[in-house]
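Dumped entry_22.cif below, it's mmCIF, C-alpha atoms and all ligand atoms:
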data_protein
loop_
_atom_site.label_atom_id
_atom_site.label_comp_id
_atom_site.auth_asym_id
_atom_site.auth_seq_id
_atom_site.Cartn_x
_atom_site.Cartn_y
_atom_site.Cartn_z
CA MET S 1 14.02 -3.94 11.70
CA MET S 2 11.31 -4.21 14.25
CA LEU S 3 9.40 -7.46 13.63
CA SER S 4 10.96 -10.12 11.43
CA ALA S 5 8.96 -12.26 9.02
CA GLU S 6 9.58 -15.27 11.29
CA THR S 7 8.41 -13.45 14.42
CA ILE S 8 5.26 -12.28 12.65
CA LEU S 9 4.37 -15.69 11.26
CA ALA S 10 4.90 -17.41 14.60
CA ARG S 11 2.51 -15.01 16.33
CA VAL S 12 -0.03 -15.17 13.49
CA SER S 13 -0.06 -18.98 13.79
CA GLU S 14 -0.78 -18.69 17.53
CA LEU S 15 -3.65 -16.28 16.84
CA GLY S 16 -5.07 -18.68 14.27
CA VAL S 17 -5.13 -21.56 16.74
CA GLU S 18 -6.73 -19.34 19.40
CA ILE S 19 -9.41 -18.13 16.96
CA ALA S 20 -10.18 -21.64 15.68
CA LYS S 21 -10.71 -22.80 19.25
CA ALA S 22 -12.96 -19.86 20.14
CA TYR S 23 -15.17 -20.23 17.03
CA ALA S 24 -15.39 -24.02 16.75
CA GLY S 25 -18.77 -25.00 15.29
CA ARG S 26 -19.69 -21.41 14.34
CA ASN S 27 -20.11 -19.54 11.06
CA LEU S 28 -17.12 -17.23 11.19
CA VAL S 29 -16.61 -14.47 8.65
CA LEU S 30 -13.29 -12.68 8.51
CA VAL S 31 -13.94 -9.08 7.52
CA VAL S 32 -10.59 -8.03 6.12
CA VAL S 33 -10.00 -4.28 6.21
CA LEU S 34 -8.27 -3.22 3.00
CA LYS S 35 -5.72 -2.52 2.04
CA GLY S 36 -3.30 -2.78 4.94
CA SER S 37 -4.54 -6.13 6.27
CA PHE S 38 -4.27 -8.17 3.10
CA LEU S 39 -1.02 -9.95 3.96
CA PHE S 40 -1.94 -10.46 7.60
CA ALA S 41 -5.31 -11.90 6.58
CA ALA S 42 -3.67 -14.19 4.00
CA ASP S 43 -1.45 -15.75 6.67
CA LEU S 44 -4.08 -15.65 9.43
CA CYS S 45 -6.81 -17.42 7.46
CA ARG S 46 -4.44 -20.27 6.65
CA ALA S 47 -3.75 -20.67 10.37
CA ILE S 48 -7.47 -20.92 11.26
CA GLU S 49 -8.58 -24.50 10.82
CA LEU S 50 -12.36 -24.12 10.57
CA PRO S 51 -14.43 -25.82 7.86
CA ASN S 52 -17.02 -23.02 7.59
CA LEU S 53 -14.66 -20.04 7.50
CA ARG S 54 -15.65 -17.28 5.08
CA ILE S 55 -13.63 -14.27 4.01
CA ASP S 56 -14.96 -10.91 2.88
CA PHE S 57 -13.36 -7.54 2.29
CA PHE S 58 -14.15 -4.04 3.44
CA GLY S 59 -12.38 -1.00 2.05
CA VAL S 60 -11.74 2.07 4.18
CA ARG S 61 -9.52 5.05 3.78
CA SER S 62 -8.70 7.28 6.69
CA TYR S 63 -7.92 10.71 5.40
CA GLY S 64 -4.78 12.28 6.70
CA ASP S 65 -1.64 13.96 5.59
CA GLY S 66 1.45 11.80 5.63
CA THR S 67 1.72 9.72 8.77
CA GLU S 68 -1.12 11.32 10.77
CA SER S 69 -4.66 9.95 10.41
CA SER S 70 -7.41 12.53 10.74
CA GLY S 71 -10.02 10.16 12.12
CA VAL S 72 -12.31 10.75 9.13
CA VAL S 73 -13.13 7.33 7.70
CA GLN S 74 -14.27 6.95 4.10
CA ILE S 75 -15.75 3.65 2.93
CA THR S 76 -14.30 2.67 -0.43
CA GLN S 77 -15.66 -0.89 -0.74
CA ASP S 78 -18.50 -2.69 0.97
CA LEU S 79 -18.82 -6.38 1.88
CA ALA S 80 -19.95 -8.69 -0.92
CA ALA S 81 -22.41 -10.66 1.23
CA PRO S 82 -24.76 -10.15 4.22
CA ILE S 83 -23.46 -10.97 7.71
CA ALA S 84 -26.79 -11.35 9.53
CA GLY S 85 -26.55 -14.15 12.09
CA ASP S 86 -22.82 -14.67 11.47
CA ASP S 87 -19.90 -14.34 13.84
CA VAL S 88 -17.80 -11.51 12.46
CA LEU S 89 -14.12 -11.04 13.12
CA ILE S 90 -12.73 -7.72 11.88
CA VAL S 91 -9.15 -8.23 10.70
CA GLU S 92 -7.10 -5.04 11.00
CA ASP S 93 -3.45 -4.32 10.39
CA ILE S 94 -3.08 -1.74 13.14
CA VAL S 95 -5.25 0.03 15.69
CA ASP S 96 -3.84 3.51 16.13
CA THR S 97 -6.38 6.08 17.39
CA GLY S 98 -9.05 3.35 17.31
CA LEU S 99 -11.42 5.48 15.24
CA THR S 100 -11.43 3.22 12.16
CA VAL S 101 -12.31 0.07 14.11
CA LEU S 102 -14.92 1.85 16.18
CA HIS S 103 -16.56 3.20 13.03
CA MET S 104 -16.54 -0.23 11.40
CA MET S 105 -18.04 -1.93 14.44
CA ASP S 106 -20.86 0.62 14.58
CA LEU S 107 -21.58 0.12 10.90
CA LEU S 108 -21.42 -3.69 10.87
CA ARG S 109 -23.56 -3.96 13.99
CA THR S 110 -26.50 -2.47 12.06
CA ARG S 111 -26.48 -5.58 9.82
CA GLY S 112 -27.44 -8.00 12.58
CA PRO S 113 -24.40 -10.23 13.04
CA ARG S 114 -24.47 -12.75 15.89
CA SER S 115 -21.25 -11.29 17.28
CA ILE S 116 -18.47 -8.88 16.33
CA ALA S 117 -14.90 -9.14 17.53
CA VAL S 118 -11.62 -7.53 16.52
CA CYS S 119 -8.31 -9.10 15.55
CA SER S 120 -5.45 -6.68 14.94
CA LEU S 121 -1.86 -7.49 14.13
CA LEU S 122 -0.61 -4.33 15.83
CA SER S 123 -1.79 -1.79 18.38
CA LYS S 124 -0.33 1.51 19.53
CA PRO S 125 -1.97 1.83 22.96
CA THR S 126 -0.45 5.23 23.73
CA ARG S 127 -2.23 6.73 20.69
CA ALA S 128 -5.75 5.51 21.52
CA ARG S 129 -8.36 8.25 21.33
CA VAL S 130 -11.33 5.94 21.82
CA ALA S 131 -11.61 2.75 23.85
CA VAL S 132 -11.57 -0.26 21.53
CA ASN S 133 -11.39 -3.78 22.83
CA ILE S 134 -9.00 -5.85 20.70
CA ASP S 135 -10.01 -9.47 21.24
CA TYR S 136 -7.02 -10.94 19.40
CA LEU S 137 -3.84 -8.86 19.27
CA GLY S 138 -0.56 -9.74 17.60
CA PHE S 139 1.81 -7.15 19.05
CA SER S 140 1.62 -3.98 21.10
CA ILE S 141 4.07 -1.39 19.77
CA ASP S 142 5.40 2.06 20.71
CA ASP S 143 4.21 5.23 19.03
CA LYS S 144 6.33 4.82 15.90
CA PHE S 145 5.11 4.84 12.30
CA VAL S 146 5.63 1.38 10.86
CA VAL S 147 5.55 -0.07 7.34
CA GLY S 148 5.75 -3.46 5.66
CA TYR S 149 3.73 -6.68 5.72
CA GLY S 150 0.82 -4.78 4.13
CA LEU S 151 1.30 -1.46 5.92
CA ASP S 152 2.23 1.54 3.81
CA VAL S 153 3.39 5.09 3.83
CA ALA S 154 1.95 6.87 0.78
CA GLU S 155 1.16 3.41 -0.72
CA LYS S 156 4.79 2.27 -0.56
CA TYR S 157 6.53 -0.57 1.32
CA ARG S 158 3.46 -2.82 1.58
CA ASN S 159 5.51 -5.61 0.02
CA LEU S 160 8.23 -5.73 2.69
CA PRO S 161 8.13 -9.18 4.31
CA TYR S 162 8.91 -7.68 7.73
CA ILE S 163 7.66 -4.66 9.70
CA GLY S 164 10.04 -1.75 10.04
CA ILE S 165 10.01 1.74 11.52
CA VAL S 166 9.87 4.88 9.38
CA GLU S 167 12.26 7.49 10.71
CA ARG S 168 10.67 10.90 10.93
CA ASP S 169 12.89 14.00 10.51
P1 LIG S 201 -6.93 4.59 13.40
O1 LIG S 201 -8.28 4.88 12.85
O2 LIG S 201 -6.24 5.84 13.89
O3 LIG S 201 -6.90 3.49 14.44
O4 LIG S 201 -6.02 4.20 12.19
C1 LIG S 201 -6.01 2.98 11.64
C2 LIG S 201 -5.39 3.05 10.26
O5 LIG S 201 -4.37 4.04 10.12
C3 LIG S 201 -4.72 1.73 10.01
O6 LIG S 201 -5.63 0.78 9.47
C4 LIG S 201 -3.63 2.12 9.04
O7 LIG S 201 -4.12 2.12 7.72
C5 LIG S 201 -3.26 3.53 9.42
N1 LIG S 201 -2.06 3.55 10.30
C6 LIG S 201 -2.01 3.90 11.60
N2 LIG S 201 -0.76 3.79 12.08
C7 LIG S 201 -0.01 3.34 11.06
C8 LIG S 201 1.40 3.01 10.93
O8 LIG S 201 2.22 3.10 11.86
N3 LIG S 201 1.79 2.60 9.70
C9 LIG S 201 0.95 2.47 8.64
N4 LIG S 201 -0.36 2.76 8.71
C10 LIG S 201 -0.83 3.19 9.92
#

Starting from the file, give its structure as structure tokens.
Amino acid sequence: MMLSAETILARVSELGVEIAKAYAGRNLVLVVVLKGSFLFAADLCRAIELPNLRIDFFGVRSYGDGTESSGVVQITQDLAAPIAGDDVLIVEDIVDTGLTVLHMMDLLRTRGPRSIAVCSLLSKPTRARVAVNIDYLGFSIDDKFVVGYGLDVAEKYRNLPYIGIVERD
């Protein structure tokens, strides 16, 4: 096991407090990137004590075979509401090459938000192919393929309450 449920929740609570402080008095929208971020977002939003918090969902699929992402990002579901004038926080499960987040930021910026920032549970800094600033980061991890707490391999293991490493042959 790599990150226990307790370790994850403790860090997520800290992030929530930090985010609530940074966005006090603002109209914050969490843009949850499906599907991998659904559990992270569920815990994170409950740790952010802001009266005006909104939550919306954005579906992306990065094509790739097995555990390698190709960097080609397909949008599978758009936001339900406009974000013009809002403070947007993209909620990601993991920033790997950085291509998905970069693509999303470029796209969302065209809709006139007041600000865009990124919150990611995990980051694999050694894999970065593009420079992405992660404003709120849970954990930095080594270049290992991980599953659980929303993250999958071929759609499996999303329901694990902890994050574990997939052994590659
Ligand atoms: P990026 O565009 O390369 O940064 O890839 C981001 C997406 O690839 C994430 O949102 C995940 O869906 C997927 N991904 C990257 N690394 C992992 C991993 O270790 N486990 C599960 N999914 C991963």

Non-local contacts of stretch 1-16 of chain S (6 Å; only C-alpha atoms; under 3 positions in same chain excluded) as a PyMOL selection string: chain S and resi 19+44+47-48+161-164

Could you give me, as a tab-separated table, a per-residue list for chain S showing, wherever an atom lies at most 9 Å from an atom of ligand LIG 201 (chain S), the closest pair of atoms and their distance in Å to one decimal, using all atoms listed in the file and sorting by chain then residue number from low to high?
residue	atom	partner	partner_atom	distance
S:Val33	CA	S:LIG201	O6	7.4
S:Leu34	CA	S:LIG201	O6	8.1
S:Lys35	CA	S:LIG201	O7	7.5
S:Gly36	CA	S:LIG201	O7	5.7
S:Ser37	CA	S:LIG201	O6	7.7
S:Val60	CA	S:LIG201	O6	8.2
S:Arg61	CA	S:LIG201	O7	7.3
S:Ser62	CA	S:LIG201	O5	6.4
S:Tyr63	CA	S:LIG201	O5	8.9
S:Gly64	CA	S:LIG201	O5	8.9
S:Thr67	CA	S:LIG201	C7	7.0
S:Glu68	CA	S:LIG201	C6	7.5
S:Ser69	CA	S:LIG201	O2	5.6
S:Ser70	CA	S:LIG201	O2	7.5
S:Gly71	CA	S:LIG201	O1	5.6
S:Val72	CA	S:LIG201	O1	8.0
S:Val73	CA	S:LIG201	O1	7.5
S:Glu92	CA	S:LIG201	O6	6.2
S:Asp93	CA	S:LIG201	O6	5.6
S:Ile94	CA	S:LIG201	C3	5.0
S:Val95	CA	S:LIG201	O3	4.0
S:Asp96	CA	S:LIG201	O3	3.5
S:Thr97	CA	S:LIG201	O2	3.5
S:Gly98	CA	S:LIG201	O3	3.6
S:Leu99	CA	S:LIG201	O1	4.0
S:Thr100	CA	S:LIG201	O1	3.6
S:Val101	CA	S:LIG201	O1	6.4
S:Leu102	CA	S:LIG201	O1	8.0
S:His103	CA	S:LIG201	O1	8.5
S:Leu122	CA	S:LIG201	O8	8.9
S:Ser123	CA	S:LIG201	O3	8.3
S:Lys124	CA	S:LIG201	N2	7.8
S:Arg127	CA	S:LIG201	O2	7.9
S:Ala128	CA	S:LIG201	O3	7.5
S:Arg129	CA	S:LIG201	O2	8.1
S:Val130	CA	S:LIG201	O3	8.9
S:Asp143	CA	S:LIG201	O8	7.7
S:Lys144	CA	S:LIG201	O8	6.0
S:Phe145	CA	S:LIG201	O8	3.4
S:Val146	CA	S:LIG201	O8	3.9
S:Val147	CA	S:LIG201	N3	5.2
S:Gly148	CA	S:LIG201	C9	8.2
S:Gly150	CA	S:LIG201	C9	8.5
S:Leu151	CA	S:LIG201	C9	4.8
S:Asp152	CA	S:LIG201	C9	5.1
S:Val153	CA	S:LIG201	C9	6.0
S:Ile165	CA	S:LIG201	O8	7.9
S:Val166	CA	S:LIG201	O8	8.2

d(atom CA of S:Asp56, atom CA of S:Phe139) in Å: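 Going from atom CA of S:Asp56 over to atom CA of S:Phe139, I get 23.6 Å.
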
Given only C-alpha atoms as the counted atoms, nearest of S:Phe58, S:Val132, S:Val29, S:Ser140 to S:Leu89: S:Val29

Which of these residues is nearest to S:Tyr136, using all atoms listed in the file: S:Phe57, S:Ala81, S:Val91, S:Thr110?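 Closest candidate: S:Val91.
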
Can you work out the spacing between atom CA of S:Cys45 and atom CA of S:Ala84 in Å, to one decimal?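 Value for the atom CA of S:Cys45-atom CA of S:Ala84 distance: 21.0 Å.
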
Give me, please, the distance in Å between atom CA of S:Ser115 and atom CA of S:Asn27, quoted to one decimal.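 Result for atom CA of S:Ser115 versus atom CA of S:Asn27: 10.4 Å, one decimal.
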
Might you pull out every residue within 9 Å of S:Gly25, with only C-alpha atoms counted and same-chain residues fewer than 2 positions away left off, and present them as a list in words? Tyr23, Asn27, Leu28, Leu50, Pro51 and Asn52 of chain S

Keeping only C-alpha atoms, write those residues as a tab-separated table (two decimals), in the coordinates of the input.
chain	number	residue	atom	x	y	z
S	23	TYR	CA	-15.17	-20.23	17.03
S	27	ASN	CA	-20.11	-19.54	11.06
S	28	LEU	CA	-17.12	-17.23	11.19
S	50	LEU	CA	-12.36	-24.12	10.57
S	51	PRO	CA	-14.43	-25.82	7.86
S	52	ASN	CA	-17.02	-23.02	7.59

Between S:Leu108, S:Ala154, S:Ile134, S:Val31, single out the one closest to S:Leu121, counting only C-alpha atoms.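 For S:Leu121, the nearest of the given residues is S:Ile134.
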
Measuring atom to atom with only C-alpha atoms, identify which of S:Ile75, S:Ala20, S:Ile90, S:Cys119 is nearest to S:Val32. S:Ile90

Calculated over all atoms listed in the file, which of the candidates S:Leu39, S:Ala24, S:Leu137, S:Leu30 has the smallest distance to S:Asn159? S:Leu39

Hey, which of S:Tyr149, S:Ile83, S:Pro125, S:Ala22 ends up closest to S:Asp43? Count all atoms listed in the file.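 Among the listed residues, S:Tyr149 lies closest to S:Asp43.
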
First collect every listed atom of stretch 160-168 of chain S; then fit an axis-aligned box around them, widen it by 6 Å on each side, and give centre and edge lengths in Å to one decimal, as JSON.
{"center_x": 10.0, "center_y": 0.9, "center_z": 7.1, "size_x": 16.6, "size_y": 32.1, "size_z": 20.8}
